[in-house]
Structure formats: structure tokens, C-alpha cells
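Visitor: My questions all concern the structure below.
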Amino acid sequence: MLPDDVFLLRAPGAPALLPDGSAAIVAVSRPDRDSDQYRGGLWIVPTDGSAPRQLTRGHSDSEPDVSPDGRWVVFVRGGSGKPQLHLVEAAGGEPFAITAEPLGAGQPRFSPDGRRIAFVARVPQEGRYVPDGDPAAERPRLITELRHRADGIGFVRDRTRQLFVVEVPDATGDAVAVPSSFRLTDADSDVDAPRWFTDGRSIAAVLARHAAREDDLRRDAVAVVVPDELVGEQGTATITPLTDADAGSSLSVSRVLPAADGRRVWLLADDAGESGRDFIAALTGLFEVPLDEAGAAAGPARRLTDPDEVDLDPAVLVELGGDEVAVAPLRSGAVHLCRVGADGVLHDLLGGAVVVSAAAFSGGVLVAVRATPSSAGDVVAVHGDDERVLTDLSAELRATGRVRVPEPLVAHAPDGYRVEGWLTTPDPERYGAGPHPTILTIHGGPFAQYTHAVFDEVQVLVEAGYAVVHGNPRGSSGRGRAHGRAIRRGFGTVDTDDVLALLDQALADDRTDAERTGVMGGSYGGYMTAWLTTRTDRFRAAIVERGFLDPVSFVGSSDIGWFFGLEYLGEPETEADLVAGQSPMAHVASVRTPTFVIHSEQDWRCPVEQGQRWFVELKRRGVPTELLLFPGEGHELTRSGRPAHRVERFEHVLRWWQRWLPVEPAGATV
């Protein structure tokens with residue numbers, strides 16, 4: 001990929017199926033050069049393999065859901081104003097708005113009878129976030145709790161996300177007025193992931209409602225009663241816990257799905273332990289909560305999947321009928337699709353080198369969104385253990401001839417531990433057989449994984465003539481709980497051994513150059529990059545991006561600082577030597593490697609002070625260094641930042657590597 005090939009990426013969202021399963025409604029998003037934003041509409045994708053057709057052409061349409069009778073599609077339309085819910089007939093027509101929430105609306109879900117739609121929306125405190133207002137003139141914020149802001153959002157306690165219901169309007173006339181929405185909740189923390197119970201009288205959702213919610217990470221599944229008539233005082237609906245942290249539940253719930261038979265709810269959750277903060281490699285599992293005849297929990301949640309080996313994508317949970325659901329386990333760089341029942345046994349539906357991100361089931365038809373080494377994402381119909389590919393959204397990207405497929409790479413650390421990753425090399429017709437300058441890139445998290453999906457970072461570097469090594473050291477997800485917890489209170493130990501073992505294995509290949517190597521990474525990968533430069537001078541240069549570089553200041557500046565470093569590394573006040581032993585900043589005087597520091601000004605996950613201080617400490621010690629700051633961007637710049645900023649970042653990355661690891665095409669002469 002060239003940096004500009006970012007504009008060829010197409011990303012399908014979660015599908016919604018027509019009731020008979022004949023077609024999926026899918027939002028397809030793409031970076032747009034002219035507007036410097038992400039644009040996209042809804043597509044109707046027939047499941048028989050016939051050609052998809054576009055349903056809407058909004059600025060940014062997403063999150064579709066289909067009415068039970070198949071007539072209507074509700075979706076979120078973004079644009080110049082706040083995103084609002086819109087309706088459009090599945091057969092086609094002009095969409096119309098059905099919400100006008102001051103900060104926008106999202107996560108729409110039709111009720112079982114199709115008369116109502118549940119959704120969530122942030123409710124601003126009076127006098128805040130006023131359209132065309134002056135934020136600098138607002139009254140000061142009084143902060144009383146640790147959890148008060150989030151990367152990519154900003155301050156959250158003065159605009160909590162609440163649960164609403166709106167009635168589907170009569171659309172028989174020429175014009176449809178925006179109906180009034182009814183707010184069900186008035187919680188002091190965000191309500192998420194609404195799903196209707198089959199009787200239409202309650203909505204299941206996720207909410208931290210327990211007394212210790214400010215001090216831990218637990219979240220309950222709850223049932224919110226919907227009044228027969230949407231009248232009366234808003235925000236006063238009855239909320240009943242389905243899991244109960246106040247009664248001892250240690251779960252942090254991410255998804256709740258009421259079963260069609262009304263006898264249970266399915267949950268995706270991880271176990272936060274007795275402290276409520278034991279999040280490190282807490283594998284997301286499938287749970288079942290039995291319900292009594294009144295719809296209340298009849299017992300505690302029962303974990304169905306293995307707590308030490310099975311880790312599920314927290315966004316994929318689809319009922320298949322009977323006693324089975326579809327889930328997506330993470331497995332060594334893949335995310336597969338499996339069916340599972342009350343016995344907890346996983347049966348593969350989509351396997352191999354795929355990365356499943358969403359699924360839907362209706363009318364006996366199962367569809368999924370999955371990426372591969374040559375596709376950034378496509379919709380497929382799943383039949384048994386086979387698939388029928390329904391879209392080809394990466395065709396234009398592949399047609400450039402600039403997509404290189406990574407080769408699996410296996411190494412062994414000094415203690416014999418198996419390390420898995422990939423080596424990707426440049427096109428030999430343009431860059432020769434090598435040896436090529438080689439870059440080790442390290443992912444964030446740390447409990448995350450590089451996957452088989454097309455990865456623009458690798459593709460851009462390879463297109464520029466670099467061999468790239470990337471993989472999943474201890475601390476990553478995808479290989480179970482012990483693998484993920486191996487670096488707890490030991491950052492920079494076995495993870496260092498693993499990434500260097502992977503690099504050394506790649507450097508045994510004649511196509512790579514052991515004398516010309518670089519290292520780069522973001523977030524935890526930024527930590528590891530900085531840490532490596534405090535340990536060794538073997539790299540010609542480094543790129544430290546949005547790094548976690550000083551665990552001491554991180555505690556007071558990051559949106560997750562109040563628990564992340566304390567749980568992963570230790571308590572700076574009482575375990576100063578332990579924390580310093582894992583801190584790049586404590587060892588910055590050892591760095592001699594030229595380092596490019598990249599950070600976003602609005603990053604609240606790894607705050608910009610981390611990158612600024614690393615730059616200053618290197619600069620004043622005479623280490624060649626530069627600092628690149630992106631205005632208006634947060635921690636997710638490389639994935640969802642402004643398209644122009646993503647392109648500019650790639651251009652600066654290539655400029656830096658060309659300075660320290662110059663590449664010449666094959667046959668070039670000086």
C-alpha cells in the first residue's frame with residue numbers, strides 16, 4: 001500500500017438480516033478525501049450471492065436494524081450535525097429522521113412487535129455542550145470521581161448515556177414529523193447495548209449500578225421495564241439486575257441477549273475477580289442466566305466456556321435458535337465463528353486465517369463479516385462449515401497489486417516458549433531478493449493481538465521496501481489466560497524475550513538484513529519500543545507512538561490510569577523499585593537510538609505528556625529525535641483518525657525510516 005491507498009479501504013459494519021434471511025443490510029464506510037471524513041451508506045446484500053445494491057447514500061449511515069415485519073430499516077445517520085436515528089423502507093425510499101437528541105443517538109433496536117425502537121443517547125447537563133455555544137464560557141467542572149473522562153469522547157459525567165424509547169411514527173403522509181422520545185433511565189454511568197426481551201415489556205442492557213461502581217470495573221446486566229404508555233416522569237423506569245455486583249457478582253458484562261424462549265439471557269462477560277479490578281487477561285466468556293416466569297433472574301450467571309482457554313470477541317453474540325448461540329473466539333491471530341450451547345462446547349463455523357467482527361441470524365440464514373490476509377472485510381453467508389462470499393469490498397485495493405500476504409513465523413524464546421507471528425517481505429521484482437532493511441512492529445494492548453486481516457501499517461512499510469516482523473508475544477490475547485497474564489508485574493521481561501526471538505528468527509532469512517533494523521509500536525507497543533531502546537543499541541532507529549512511558553505520571557493523567565498501571569506494574573508509592581524496574585522513563589538516560597515520537601494532542605488514554613516528556617529527555621541528552629503532534633486526534637488516530645492525518649502520519653513514518661534505513665529499488669545506482 002501507498003499512504004494514499006488508505007482511501008481504498010472499505011469497512012463493513014455489523015449486518016442486520018431481513019426476517020426471511022434473503023438479504024443483509026450492511027453499512028459500508030470509507031475514508032473520503034474531499035471531506036476528510038468517513039462516508040458511507042447502507043447496502044442490501046442478497047444472501048443468494050446476487051449483486052448487492054445501495055439502499056442509502058447519506059454522509060455517514062451506520063448501525064442498521066430491521067423491523068420484525070421486514071418493512072423498515074432503522075439506522076444512524078451522521079453528517080454535519082449530531083448523528084440521529086432515521087427510518088427508511090427496506091424496499092427503498094427517502095429516509096426520514098425520528099430523533100433530535102442534542103448530542104446524537106445510537107444503538108437502535110426494534111421492539112418485537114415493531115412499534116417501538118430502543119436507543120441510547122448522551123444527555124448533557126444544563127448549560128453544557130450547547131450548539132454554537134462557547135465551551136470556554138461554561139461553568140467549571142467539579143470532579144469527585146476517578147472515572148470522569150474517556151478517550152475519544154472527553155468528559156463523560158456531565159453527559160451520561162441513557163436508554164430511550166421512541167414510537168415508530170405513522171409514515172403514510174408526505175411528511176413525517178420527528179416524534180418525541182421517552183427517556184427510561186437517569187443513571188450516573190453509561191447505559192449500553194440494549195436488546196428487547198421477546199415479550200416487549202422490558203429491555204436488557206449493560207449498566208454499572210452497584211455501590212462500588214466508582215472503584216472497580218464490574219458492570220451488571222439489567223432489565224429495564226418499558227411502560228405501556230410513554231407518559232409520565234422520564235428517567236424513572238424500574239431497573240432490575242440480572243447479574244448483581246452488590247450481591248457478589250464479579251462480572252464485567254459487555255453484551256446481554258435475551259433468549260427467544262424467555263427462559264434465559266445469554267451474556268458475554270469477563271470475571272473481574274474479588275477486587276473488581278482483576279482485568280488482566282480476564283477472558284471474555286459466554287454465560288447463561290436462568291429466568292423465572294416473571295422474567296427475573298432465577299440464579300447466578302453460569303459460565304459455559306473455559307475460563308482459562310476461551311476468549312470471545314465481546315461484540316459478537318447471536319442467537320441461532322434452540323439452545324445455541326454464535327460467538328467469536330480469538331485464536332492465535334484469528335477470530336473464528338463458532339456455535340455453542342449450554343454444554344459450552346465450541347463447534348467451528350468459520351475457521352482458518354479469518355478475523356470475524358460481526359454476525360447475524362434470521363430465517364435460518366447466518367451471515368458474518370470477516371477479514372482475511374487479502375481483504376479488510378467482507379460479508380459472507382455461512383452454511384455448515386462453508387462460506388459463500390457475498391461482497392468483495394477490497395477488490396480495488398487488491399487491484400493495485402500492492403497487497404503482500406504475510407508468511408507465518410514461529411520462534412522460541414530463551415526459555416523455550418513458542419512465539420507466533422509473521423514476516424512480510426517486499427515485492428522482489430521491484431526490490432530484489434534482499435536482504436531488505438527490517439522493521440519490528442509491536443502491537444498495543446498489551447492484551448490484544450495482531451491478526452490475519454489486512455493491516456495497513458505492514459502493507460505501507462512493505463510497499464516502501466522494508467521487511468516487516470510482527471507477532472504476539474506473551475501478554476497478548478488469543479492464546480489463553482496464562483499467556484496474557486505472563487507479564488503482570490513484569491512488563492519488559494518475557495515480552496522483550498519474545499519479540500526479540502521473533503525478530504532474530506526473521507533475521508535468519510536471507511531476505512532480511514540483521515545490520516539494518518528498526519523498531520516501532522503504539523500504546524503498549526510504544527512502551528515496548530521505548531523499553532527496547534533502553535536495553536539495547538541494536539536498532540538503527542525507533543518510532544515511539546502514543547506510548548505508555550512513565551507509569552507514575554500515567555496514574556494521574558490517563559483515563560484508565562487509576563487502575564491500569566497499578567494492576568499491571570505495581571503501586572509506585574509502596575513498590576517504587578518494582579515499578580521503576582519496568583519504567584522506560586526511569587531508564588531514559590540509557591537511550592542512544594534515534595527516536596521519532598508521534599502523539600495526538602487529545603489522547604487521553606496515553607496522554608500527550610508521555611510523548612512530550614520522552615522527546616524532551618532524549619533531546620536534552622543529544623539523541624537525534626523529533627516530535628510529531630496531531631491536533632484534534634485521540635488514541636485511535638491510526639485506526640479512525642481523520643483520513644488526511646492518517647496519510648500524513650504514513651508519510652512522516654516513511655520519511656523517518658528513509659533517513660535512518662534508506663531503501664533503493666532493485667537495480668538503482670548511486
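Convention: chains lettered A, B, ... in C-alpha cells order; per-chain residue numbering from 1; ligands numbered from 1 as shown.
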What are the DSSP strand (DSSP E) residues of segment 58-92 of chain A, as a list in words?

Guide: Ser60, Asp61, Ser62, Glu63, Pro64, Asp65, Val66, Trp72, Val73, Val74, Phe75, Val76, Arg77, Gly78, Gln84, Leu85, His86, Leu87, Val88 and Glu89 of chain A

Visitor: Name the residues in contact with Met520 of chain A at a cut-off of 9 Å, using only C-alpha atoms, excluding same-chain residues fewer than 2 positions from it; report them as a PDB file with N, CA and C atoms, in the first residue's frame.

Guide:
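Below you can see result01.pdb, which holds the result:
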```
ATOM      1  N   ILE A 439      12.015  -4.064   9.865  1.00  0.00           N
ATOM      2  CA  ILE A 439      11.372  -3.317  10.948  1.00  0.00           C
ATOM      3  C   ILE A 439      10.538  -4.270  11.795  1.00  0.00           C
ATOM      4  N   LEU A 440      10.773  -4.232  13.086  1.00  0.00           N
ATOM      5  CA  LEU A 440       9.953  -4.953  14.061  1.00  0.00           C
ATOM      6  C   LEU A 440       8.865  -4.008  14.538  1.00  0.00           C
ATOM      7  N   THR A 441       7.599  -4.419  14.382  1.00  0.00           N
ATOM      8  CA  THR A 441       6.493  -3.582  14.866  1.00  0.00           C
ATOM      9  C   THR A 441       5.737  -4.337  15.953  1.00  0.00           C
ATOM     10  N   ILE A 442       5.331  -3.615  17.007  1.00  0.00           N
ATOM     11  CA  ILE A 442       4.776  -4.233  18.213  1.00  0.00           C
ATOM     12  C   ILE A 442       3.404  -3.625  18.502  1.00  0.00           C
ATOM     13  N   GLY A 518      15.008  -1.679  12.483  1.00  0.00           N
ATOM     14  CA  GLY A 518      14.323  -0.634  13.236  1.00  0.00           C
ATOM     15  C   GLY A 518      13.207  -1.251  14.047  1.00  0.00           C
ATOM     16  N   GLY A 522       2.860   1.334  18.934  1.00  0.00           N
ATOM     17  CA  GLY A 522       1.992   2.324  19.525  1.00  0.00           C
ATOM     18  C   GLY A 522       1.348   1.835  20.801  1.00  0.00           C
ATOM     19  N   GLY A 525       2.750  -0.966  22.522  1.00  0.00           N
ATOM     20  CA  GLY A 525       3.833  -1.123  21.557  1.00  0.00           C
ATOM     21  C   GLY A 525       4.808   0.035  21.621  1.00  0.00           C
ATOM     22  N   GLY A 526       4.305   1.248  21.926  1.00  0.00           N
ATOM     23  CA  GLY A 526       5.181   2.385  22.154  1.00  0.00           C
ATOM     24  C   GLY A 526       6.017   2.184  23.403  1.00  0.00           C
ATOM     25  N   MET A 528       6.951  -0.775  24.581  1.00  0.00           N
ATOM     26  CA  MET A 528       7.947  -1.791  24.272  1.00  0.00           C
ATOM     27  C   MET A 528       9.065  -1.227  23.402  1.00  0.00           C
ATOM     28  N   THR A 529       8.709  -0.357  22.459  1.00  0.00           N
ATOM     29  CA  THR A 529       9.734   0.250  21.609  1.00  0.00           C
ATOM     30  C   THR A 529      10.692   1.078  22.452  1.00  0.00           C
ATOM     31  N   ALA A 530      10.146   1.942  23.305  1.00  0.00           N
ATOM     32  CA  ALA A 530      10.993   2.753  24.177  1.00  0.00           C
ATOM     33  C   ALA A 530      11.816   1.862  25.106  1.00  0.00           C
ATOM     34  N   ALA A 541      17.166   2.863  14.378  1.00  0.00           N
ATOM     35  CA  ALA A 541      16.236   3.940  14.744  1.00  0.00           C
ATOM     36  C   ALA A 541      14.967   3.321  15.309  1.00  0.00           C
ATOM     37  N   ALA A 542      14.105   4.182  15.884  1.00  0.00           N
ATOM     38  CA  ALA A 542      12.863   3.723  16.509  1.00  0.00           C
ATOM     39  C   ALA A 542      11.772   4.765  16.293  1.00  0.00           C
ATOM     40  N   ILE A 543      10.531   4.291  16.357  1.00  0.00           N
ATOM     41  CA  ILE A 543       9.366   5.180  16.374  1.00  0.00           C
ATOM     42  C   ILE A 543       8.519   4.812  17.583  1.00  0.00           C
ATOM     43  N   VAL A 544       8.400   5.748  18.516  1.00  0.00           N
ATOM     44  CA  VAL A 544       7.594   5.568  19.726  1.00  0.00           C
ATOM     45  C   VAL A 544       6.310   6.358  19.542  1.00  0.00           C
ATOM     46  N   GLU A 545       5.192   5.659  19.459  1.00  0.00           N
ATOM     47  CA  GLU A 545       3.921   6.313  19.135  1.00  0.00           C
ATOM     48  C   GLU A 545       2.907   6.125  20.269  1.00  0.00           C
TER      49      GLU A 545
END
```

Visitor: Using only C-alpha atoms, determine which residues lie at most 9 Å from segment 287-290 of chain A, disregarding the query and same-chain residues fewer than 2 positions distant; provide the list as a list in words.

Guide: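 The neighbour list is Leu242, Thr243, Arg263, Arg264, Val265, Trp266, Leu267, Leu268, Ala269, Gly285, Asp292, Gly295, Ala296, Ala297, Ala298, Gly299, Pro300, Ala301, Arg302, Arg303, Leu304, Thr305 and Ala342 of chain A.
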
Visitor: Got time to write the residues from that selection, N, CA and C atoms, as a short mmCIF file (atom, residue, chain, number, x, y, z; two decimals), in the first residue's frame?

Guide:
```
data_model
loop_
_atom_site.label_atom_id
_atom_site.label_comp_id
_atom_site.auth_asym_id
_atom_site.auth_seq_id
_atom_site.Cartn_x
_atom_site.Cartn_y
_atom_site.Cartn_z
N LEU A 242 -29.95 -8.43 36.48
CA LEU A 242 -29.89 -9.82 36.04
C LEU A 242 -28.62 -10.49 36.54
N THR A 243 -27.56 -9.69 36.66
CA THR A 243 -26.41 -10.05 37.48
C THR A 243 -26.32 -8.95 38.52
N ARG A 263 -36.56 -18.08 28.69
CA ARG A 263 -36.14 -18.84 29.87
C ARG A 263 -34.75 -18.46 30.37
N ARG A 264 -34.02 -17.67 29.60
CA ARG A 264 -32.65 -17.33 29.98
C ARG A 264 -32.21 -16.06 29.26
N VAL A 265 -31.11 -15.49 29.75
CA VAL A 265 -30.39 -14.50 28.98
C VAL A 265 -28.96 -15.01 28.82
N TRP A 266 -28.42 -14.75 27.63
CA TRP A 266 -27.02 -15.05 27.36
C TRP A 266 -26.20 -13.80 27.63
N LEU A 267 -25.01 -13.98 28.17
CA LEU A 267 -24.12 -12.86 28.46
C LEU A 267 -22.75 -13.11 27.87
N LEU A 268 -22.11 -12.05 27.42
CA LEU A 268 -20.67 -12.04 27.22
C LEU A 268 -20.09 -11.18 28.33
N ALA A 269 -19.15 -11.73 29.07
CA ALA A 269 -18.62 -11.02 30.23
C ALA A 269 -17.25 -11.58 30.57
N GLY A 285 -16.05 -14.56 28.36
CA GLY A 285 -16.70 -15.86 28.22
C GLY A 285 -18.19 -15.73 27.96
N ASP A 292 -36.97 -16.76 35.77
CA ASP A 292 -38.21 -17.37 36.24
C ASP A 292 -39.36 -16.91 35.35
N GLY A 295 -39.63 -13.30 34.51
CA GLY A 295 -38.52 -12.69 33.78
C GLY A 295 -37.39 -12.22 34.65
N ALA A 296 -37.43 -12.56 35.95
CA ALA A 296 -36.35 -12.18 36.86
C ALA A 296 -35.30 -13.28 36.90
N ALA A 297 -34.08 -12.92 37.28
CA ALA A 297 -33.01 -13.91 37.39
C ALA A 297 -33.38 -14.96 38.42
N ALA A 298 -33.29 -16.23 38.02
CA ALA A 298 -33.63 -17.34 38.91
C ALA A 298 -32.40 -18.00 39.50
N GLY A 299 -31.24 -17.39 39.30
CA GLY A 299 -30.00 -17.93 39.82
C GLY A 299 -28.83 -17.12 39.30
N PRO A 300 -27.63 -17.42 39.76
CA PRO A 300 -26.45 -16.66 39.32
C PRO A 300 -26.06 -17.02 37.89
N ALA A 301 -25.27 -16.18 37.29
CA ALA A 301 -24.76 -16.46 35.95
C ALA A 301 -23.83 -17.66 35.99
N ARG A 302 -23.99 -18.54 35.02
CA ARG A 302 -23.15 -19.74 34.91
C ARG A 302 -22.26 -19.63 33.69
N ARG A 303 -20.95 -19.74 33.90
CA ARG A 303 -20.01 -19.65 32.78
C ARG A 303 -20.04 -20.97 32.00
N LEU A 304 -20.18 -20.84 30.67
CA LEU A 304 -20.27 -22.02 29.82
C LEU A 304 -18.96 -22.35 29.13
N THR A 305 -18.15 -21.34 28.84
CA THR A 305 -16.89 -21.56 28.13
C THR A 305 -15.72 -21.59 29.11
N ALA A 342 -25.49 -24.94 25.74
CA ALA A 342 -25.39 -24.92 27.20
C ALA A 342 -24.27 -25.81 27.72
#
```

Visitor: Skip segment 195-203 of chain A itself and residues of its chain fewer than 3 positions away, then list as a list in words all residues within 7 Å of it, counting only C-alpha atoms.

Guide: Arg109, Ser111, Pro112, Ala223, Val224, Val225, Val226, Leu257, Pro258, Ala260 and Gly262 of chain A

Visitor: Could you check the closest approach to Asp306 of chain A for each of A:Val345, A:Ala245, A:Val166, A:Ala137 and tell me which residue wins, using only C-alpha atoms?

Guide: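 Nearest to Asp306 of chain A: A:Val345.
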
Visitor: Residues within 6 Å of segment 548-555 of chain A, please, as number ranges by chain. Count only C-alpha atoms; anything in the same chain fewer than 6 positions from it doesn't count.

Guide: A: 523-524, 527, 561-562, 565, 583-585, 606, 610

Visitor: Next, the residues of the selection above should be written as a CSV table (one decimal), in the first residue's frame with N, CA and C atoms.

Guide:
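Below is the file result07.csv, written as the result:
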```csv
chain,number,residue,atom,x,y,z
A,523,SER,N,1.1,2.7,21.7
A,523,SER,CA,0.5,2.4,23.0
A,523,SER,C,1.4,1.5,23.8
A,524,TYR,N,0.9,0.3,24.2
A,524,TYR,CA,1.9,-0.6,24.8
A,524,TYR,C,3.0,-1.0,23.8
A,527,TYR,N,5.4,1.6,24.4
A,527,TYR,CA,6.1,1.3,25.7
A,527,TYR,C,7.3,0.3,25.3
A,561,GLY,N,-5.7,5.4,34.0
A,561,GLY,CA,-4.5,5.4,34.9
A,561,GLY,C,-4.8,5.0,36.3
A,562,TRP,N,-6.0,5.2,36.8
A,562,TRP,CA,-6.3,4.9,38.2
A,562,TRP,C,-6.3,3.4,38.5
A,565,GLY,N,-1.9,0.8,35.5
A,565,GLY,CA,-0.6,0.6,35.9
A,565,GLY,C,-0.5,0.0,37.3
A,583,SER,N,9.9,0.7,34.1
A,583,SER,CA,9.6,2.0,33.5
A,583,SER,C,10.6,2.5,32.5
A,584,PRO,N,10.2,2.7,31.3
A,584,PRO,CA,11.2,3.3,30.3
A,584,PRO,C,11.7,4.7,30.8
A,585,MET,N,10.8,5.5,31.4
A,585,MET,CA,11.3,6.8,31.8
A,585,MET,C,12.4,6.8,32.9
A,606,CYS,N,-3.2,7.4,26.5
A,606,CYS,CA,-1.8,7.6,26.8
A,606,CYS,C,-1.5,9.1,26.6
A,610,GLN,N,3.1,12.1,28.1
A,610,GLN,CA,4.1,10.9,28.0
A,610,GLN,C,5.0,11.1,26.8
```

Visitor: List as a list of chain:residue names the protein and nucleic acid residues near Ala359 of chain A, meaning an atom at most 9 Å away when only C-alpha atoms are counted, but skip any in the same chain fewer than 6 places from it.

Guide: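 Returned residues: A:Ala14, A:Pro15, A:Ala16, A:Val316, A:Leu317, A:Val318, A:Ala326, A:Val327, A:Leu337, A:Leu366, A:Val367, A:Ala368, A:Val369, A:Arg370.
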